[in-house]
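Pasting input-v4.cif here (mmCIF, C-alpha atoms):
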```cif
data_entry
#
loop_
_atom_site.label_atom_id
_atom_site.label_comp_id
_atom_site.auth_asym_id
_atom_site.auth_seq_id
_atom_site.Cartn_x
_atom_site.Cartn_y
_atom_site.Cartn_z
CA MET A 139 2.15 -13.21 -16.45
CA GLU A 140 5.59 -14.18 -15.17
CA PHE A 141 6.56 -12.82 -11.77
CA ALA A 142 9.48 -10.81 -13.20
CA ASP A 143 7.01 -9.13 -15.58
CA VAL A 144 4.70 -8.23 -12.69
CA VAL A 145 7.58 -6.66 -10.77
CA GLN A 146 8.66 -4.74 -13.88
CA ARG A 147 5.09 -3.58 -14.61
CA ARG A 148 4.41 -2.19 -11.12
CA TYR A 149 4.99 1.53 -10.73
CA SER A 150 3.63 4.37 -8.59
CA VAL A 151 0.42 5.42 -10.32
CA ARG A 152 -0.51 9.06 -9.79
CA SER A 153 -3.37 9.37 -12.26
CA TYR A 154 -6.42 7.11 -12.39
CA LYS A 155 -9.24 6.51 -14.87
CA ASP A 156 -12.80 7.12 -13.76
CA GLN A 157 -13.57 3.41 -13.87
CA GLU A 158 -15.06 1.40 -11.03
CA LEU A 159 -13.53 -1.75 -9.62
CA THR A 160 -15.57 -4.86 -9.02
CA ASP A 161 -15.92 -6.35 -5.57
CA GLU A 162 -14.04 -9.39 -6.89
CA GLN A 163 -11.06 -7.27 -7.97
CA VAL A 164 -10.85 -5.58 -4.58
CA GLU A 165 -11.25 -8.86 -2.73
CA LYS A 166 -8.51 -10.45 -4.84
CA VAL A 167 -5.93 -7.80 -3.91
CA ILE A 168 -6.91 -7.92 -0.23
CA GLU A 169 -6.68 -11.72 -0.36
CA ALA A 170 -3.08 -11.28 -1.53
CA ALA A 171 -2.47 -9.16 1.58
CA ARG A 172 -4.15 -11.74 3.80
CA LEU A 173 -1.74 -14.40 2.55
CA ALA A 174 1.35 -12.32 3.33
CA PRO A 175 3.73 -13.50 6.04
CA SER A 176 3.88 -11.71 9.38
CA ALA A 177 6.13 -11.89 12.42
CA SER A 178 5.05 -14.80 14.63
CA ASN A 179 1.98 -15.02 12.38
CA ARG A 180 0.53 -12.06 14.33
CA GLN A 181 -1.46 -10.72 11.34
CA GLU A 182 -1.88 -7.32 12.97
CA TRP A 183 -2.99 -5.73 9.69
CA ARG A 184 -6.49 -4.49 8.95
CA PHE A 185 -7.60 -2.91 5.66
CA ILE A 186 -10.36 -0.39 5.11
CA VAL A 187 -11.38 -0.18 1.45
CA VAL A 188 -12.86 3.22 0.72
CA ARG A 189 -14.93 3.67 -2.45
CA ASP A 190 -17.23 6.50 -1.34
CA PRO A 191 -16.26 9.56 -3.45
CA GLU A 192 -16.63 12.06 -0.61
CA LYS A 193 -14.49 9.99 1.77
CA ARG A 194 -11.86 9.53 -0.95
CA LYS A 195 -11.81 13.30 -1.48
CA ASN A 196 -11.37 13.83 2.26
CA LEU A 197 -8.58 11.25 2.35
CA ALA A 198 -6.83 13.13 -0.47
CA ALA A 199 -7.00 16.30 1.64
CA ALA A 200 -5.62 14.36 4.64
CA ALA A 201 -2.83 13.14 2.34
CA HIS A 202 -1.50 16.70 2.19
CA GLY A 203 -3.68 17.60 -0.79
CA GLN A 204 -2.50 14.81 -3.10
CA GLU A 205 -5.62 14.96 -5.29
CA PHE A 206 -4.85 11.80 -7.25
CA VAL A 207 -5.44 9.80 -4.07
CA GLY A 208 -9.11 10.72 -4.14
CA LYS A 209 -9.46 10.09 -7.87
CA ALA A 210 -8.58 6.40 -7.64
CA SER A 211 -11.53 4.00 -7.68
CA ALA A 212 -10.66 2.95 -4.14
CA VAL A 213 -8.27 3.89 -1.37
CA ILE A 214 -6.98 1.24 0.98
CA ALA A 215 -6.23 2.46 4.48
CA ALA A 216 -3.75 -0.06 5.85
CA CYS A 217 -4.01 -0.17 9.62
CA ALA A 218 -2.51 -2.16 12.47
CA VAL A 219 -4.13 -3.50 15.59
CA THR A 220 -0.98 -3.84 17.64
CA ASP A 221 0.38 -4.28 21.10
CA GLY A 222 3.72 -2.84 19.98
CA HIS A 223 5.42 -6.24 19.82
CA THR A 224 9.01 -6.12 18.66
CA MET A 225 11.04 -8.81 16.96
CA ALA A 226 14.21 -10.14 18.57
CA CYS A 227 16.20 -7.74 16.36
CA GLY A 228 14.47 -4.78 18.04
CA GLN A 229 12.24 -3.76 15.11
CA LEU A 230 8.52 -3.23 15.62
CA CYS A 231 6.54 -5.94 13.84
CA TYR A 232 3.52 -4.03 12.60
CA PRO A 233 5.10 -1.50 10.21
CA ILE A 234 7.11 -4.23 8.50
CA ASP A 235 4.24 -6.69 8.36
CA VAL A 236 1.81 -4.13 6.95
CA ALA A 237 4.42 -3.12 4.37
CA ILE A 238 4.86 -6.74 3.26
CA ALA A 239 1.08 -7.14 2.96
CA LEU A 240 0.74 -3.92 0.98
CA GLU A 241 3.45 -4.93 -1.45
CA HIS A 242 1.47 -8.12 -2.01
CA VAL A 243 -1.48 -5.80 -2.82
CA ALA A 244 0.65 -3.72 -5.21
CA LEU A 245 1.95 -6.79 -7.05
CA ALA A 246 -1.48 -8.44 -7.24
CA ALA A 247 -2.91 -5.19 -8.60
CA ALA A 248 -0.15 -4.93 -11.21
CA ASP A 249 -0.83 -8.52 -12.26
CA MET A 250 -4.48 -7.54 -12.82
CA GLY A 251 -3.61 -4.42 -14.84
CA LEU A 252 -4.44 -2.12 -11.93
CA GLY A 253 -2.30 0.55 -10.35
CA THR A 254 -1.35 1.57 -6.82
CA CYS A 255 0.84 4.11 -5.08
CA TRP A 256 2.36 4.03 -1.60
CA ILE A 257 1.17 7.06 0.39
CA GLY A 258 3.06 7.78 3.58
CA ALA A 259 2.45 11.54 3.52
CA PHE A 260 -0.81 11.89 5.43
CA ASP A 261 -2.22 13.19 8.68
CA GLU A 262 -2.98 10.06 10.72
CA LYS A 263 -5.35 11.87 13.06
CA ALA A 264 -7.39 13.21 10.12
CA VAL A 265 -7.54 9.76 8.46
CA LYS A 266 -8.73 8.24 11.72
CA GLN A 267 -11.47 10.85 12.00
CA ILE A 268 -12.63 10.38 8.38
CA LEU A 269 -12.79 6.58 8.70
CA GLY A 270 -13.84 6.22 12.35
CA ILE A 271 -10.65 4.41 13.32
CA PRO A 272 -10.13 3.94 17.07
CA LYS A 273 -7.29 5.81 18.79
CA ASP A 274 -5.37 2.61 19.63
CA VAL A 275 -5.23 1.50 15.97
CA ARG A 276 -2.34 2.78 13.83
CA VAL A 277 -2.80 3.93 10.24
CA VAL A 278 0.41 2.79 8.55
CA GLU A 279 -0.14 3.66 4.88
CA LEU A 280 -2.74 4.70 2.37
CA MET A 281 -2.80 3.02 -1.03
CA PRO A 282 -4.97 4.24 -3.91
CA LEU A 283 -6.14 1.44 -6.20
CA GLY A 284 -7.57 1.74 -9.68
CA TYR A 285 -7.03 1.72 -13.41
CA PRO A 286 -3.96 3.75 -14.41
CA ALA A 287 -4.58 6.80 -16.60
CA ASP A 288 -0.88 7.58 -16.87
CA LYS A 289 2.12 5.73 -18.22
CA PRO A 290 5.12 4.66 -16.19
CA ARG A 291 7.93 7.19 -16.15
CA PRO A 292 11.50 6.01 -16.54
CA ARG A 293 12.74 4.74 -13.18
CA THR A 294 16.25 5.24 -12.01
CA ARG A 295 17.61 2.49 -9.84
CA LEU A 296 21.06 1.99 -8.43
CA ALA A 297 23.09 -0.70 -10.16
CA LEU A 298 23.08 -4.13 -8.53
CA ASP A 299 26.79 -3.81 -7.64
CA GLU A 300 25.96 -0.62 -5.71
CA ILE A 301 23.39 -2.27 -3.45
CA MET A 302 24.56 -5.86 -3.11
CA MET A 303 27.56 -7.15 -1.19
CA TRP A 304 28.81 -10.70 -0.75
CA GLU A 305 29.61 -12.05 2.71
CA GLU A 306 30.22 -8.71 4.52
CA TRP A 307 29.71 -4.96 4.40
CA LYS A 308 31.98 -3.23 1.93
CA ALA A 309 32.26 0.54 1.67
#
```

How would this structure read if it were set down as structure tokens?
Amino acid sequence: MEFADVVQRRYSVRSYKDQELTDEQVEKVIEAARLAPSASNRQEWRFIVVRDPEKRKNLAAAAHGQEFVGKASAVIAACAVTDGHTMACGQLCYPIDVAIALEHVALAAADMGLGTCWIGAFDEKAVKQILGIPKDVRVVELMPLGYPADKPRPRTRLALDEIMMWEEWKA
């Protein structure tokens, strides 16, 4: 598949088929994350792949009751082992680096006919308790992974001329 097709195919999946993933499929999407760039090559990301049905159900509850999270074949808890390092521009490295890695996951999944959804609405303390994550590790995002049972809805996006400027900021 061409890259533009992968980008077009990817959407936020909120309904999953009851179909298991193979270890190879899961490892392939995590390998895509592993190859992502990170600030100063820090690679602060860590990924917990959760396939146990009871843990997935508990993660859905921790994700403010978003039941579809627990119905995916797997949930990836994207974490960061960080010392709070900031880039020269003043931004923390770990949230950006984990986001880049997770988008690699989302695109790799789309290329394989799988679906994902970014989940930022969750109780970090509850997720840490469910998965035994140490206090000094941050949970940045959750990402369900599985076979889509829904179809993409029409997406509205701003026009290119509304988001892109040449040479300087223009109001």

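Atom CA of Ala210 of chain A is positioned 5.3 Å from atom CA of Tyr154 of chain A.
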
Nearest residue to Ile168 of chain A out of A:Ile234, A:Ile186, A:Cys217, A:Val145, using only C-alpha atoms?
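When distances to Ile168 of chain A are compared using only C-alpha atoms, the smallest one comes from A:Ile186.
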
If we count all atoms listed in the file and set the cut-off at 9 Å, which residues sit around segment 238-249 of chain A, ignoring sequence neighbours fewer than 3 positions away in its own chain? Please answer as number ranges by chain.
A: 139, 141, 143-145, 147-149, 163-164, 166-176, 183, 216, 233-235, 252-256, 279, 281, 283-284

In Å to one decimal, how far is atom CA of His202 of chain A from atom CA of Tyr232 of chain A?
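That distance, rounded to one decimal, is 23.7 Å.
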
List the residues sitting within 12 Å of (-4.4, 4.0, 9.7) in the file's frame, using all atoms listed in the file, as number ranges by chain.
A: 183-187, 197, 200-201, 213-220, 232-233, 236, 257-281

Å distance separating atom CA of Val207 of chain A from atom CA of Ser153 of chain A, one decimal place
8.5 Å

Nearest to Gln157 of chain A among A:Ser178, A:Lys195, A:Gln204, A:Arg189, with distances taken over only C-alpha atoms: which residue is it?
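Going through A:Ser178, A:Lys195, A:Gln204, A:Arg189 one by one, the smallest distance to Gln157 of chain A is for A:Arg189.
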
For the structure provided, state which residues fall under the PyMOL selection byres ((chain A and resi 288) around 10), and present them as JSON, numbers by chain.
{"A": [150, 151, 152, 153, 154, 155, 253, 285, 286, 287, 289, 290, 291]}
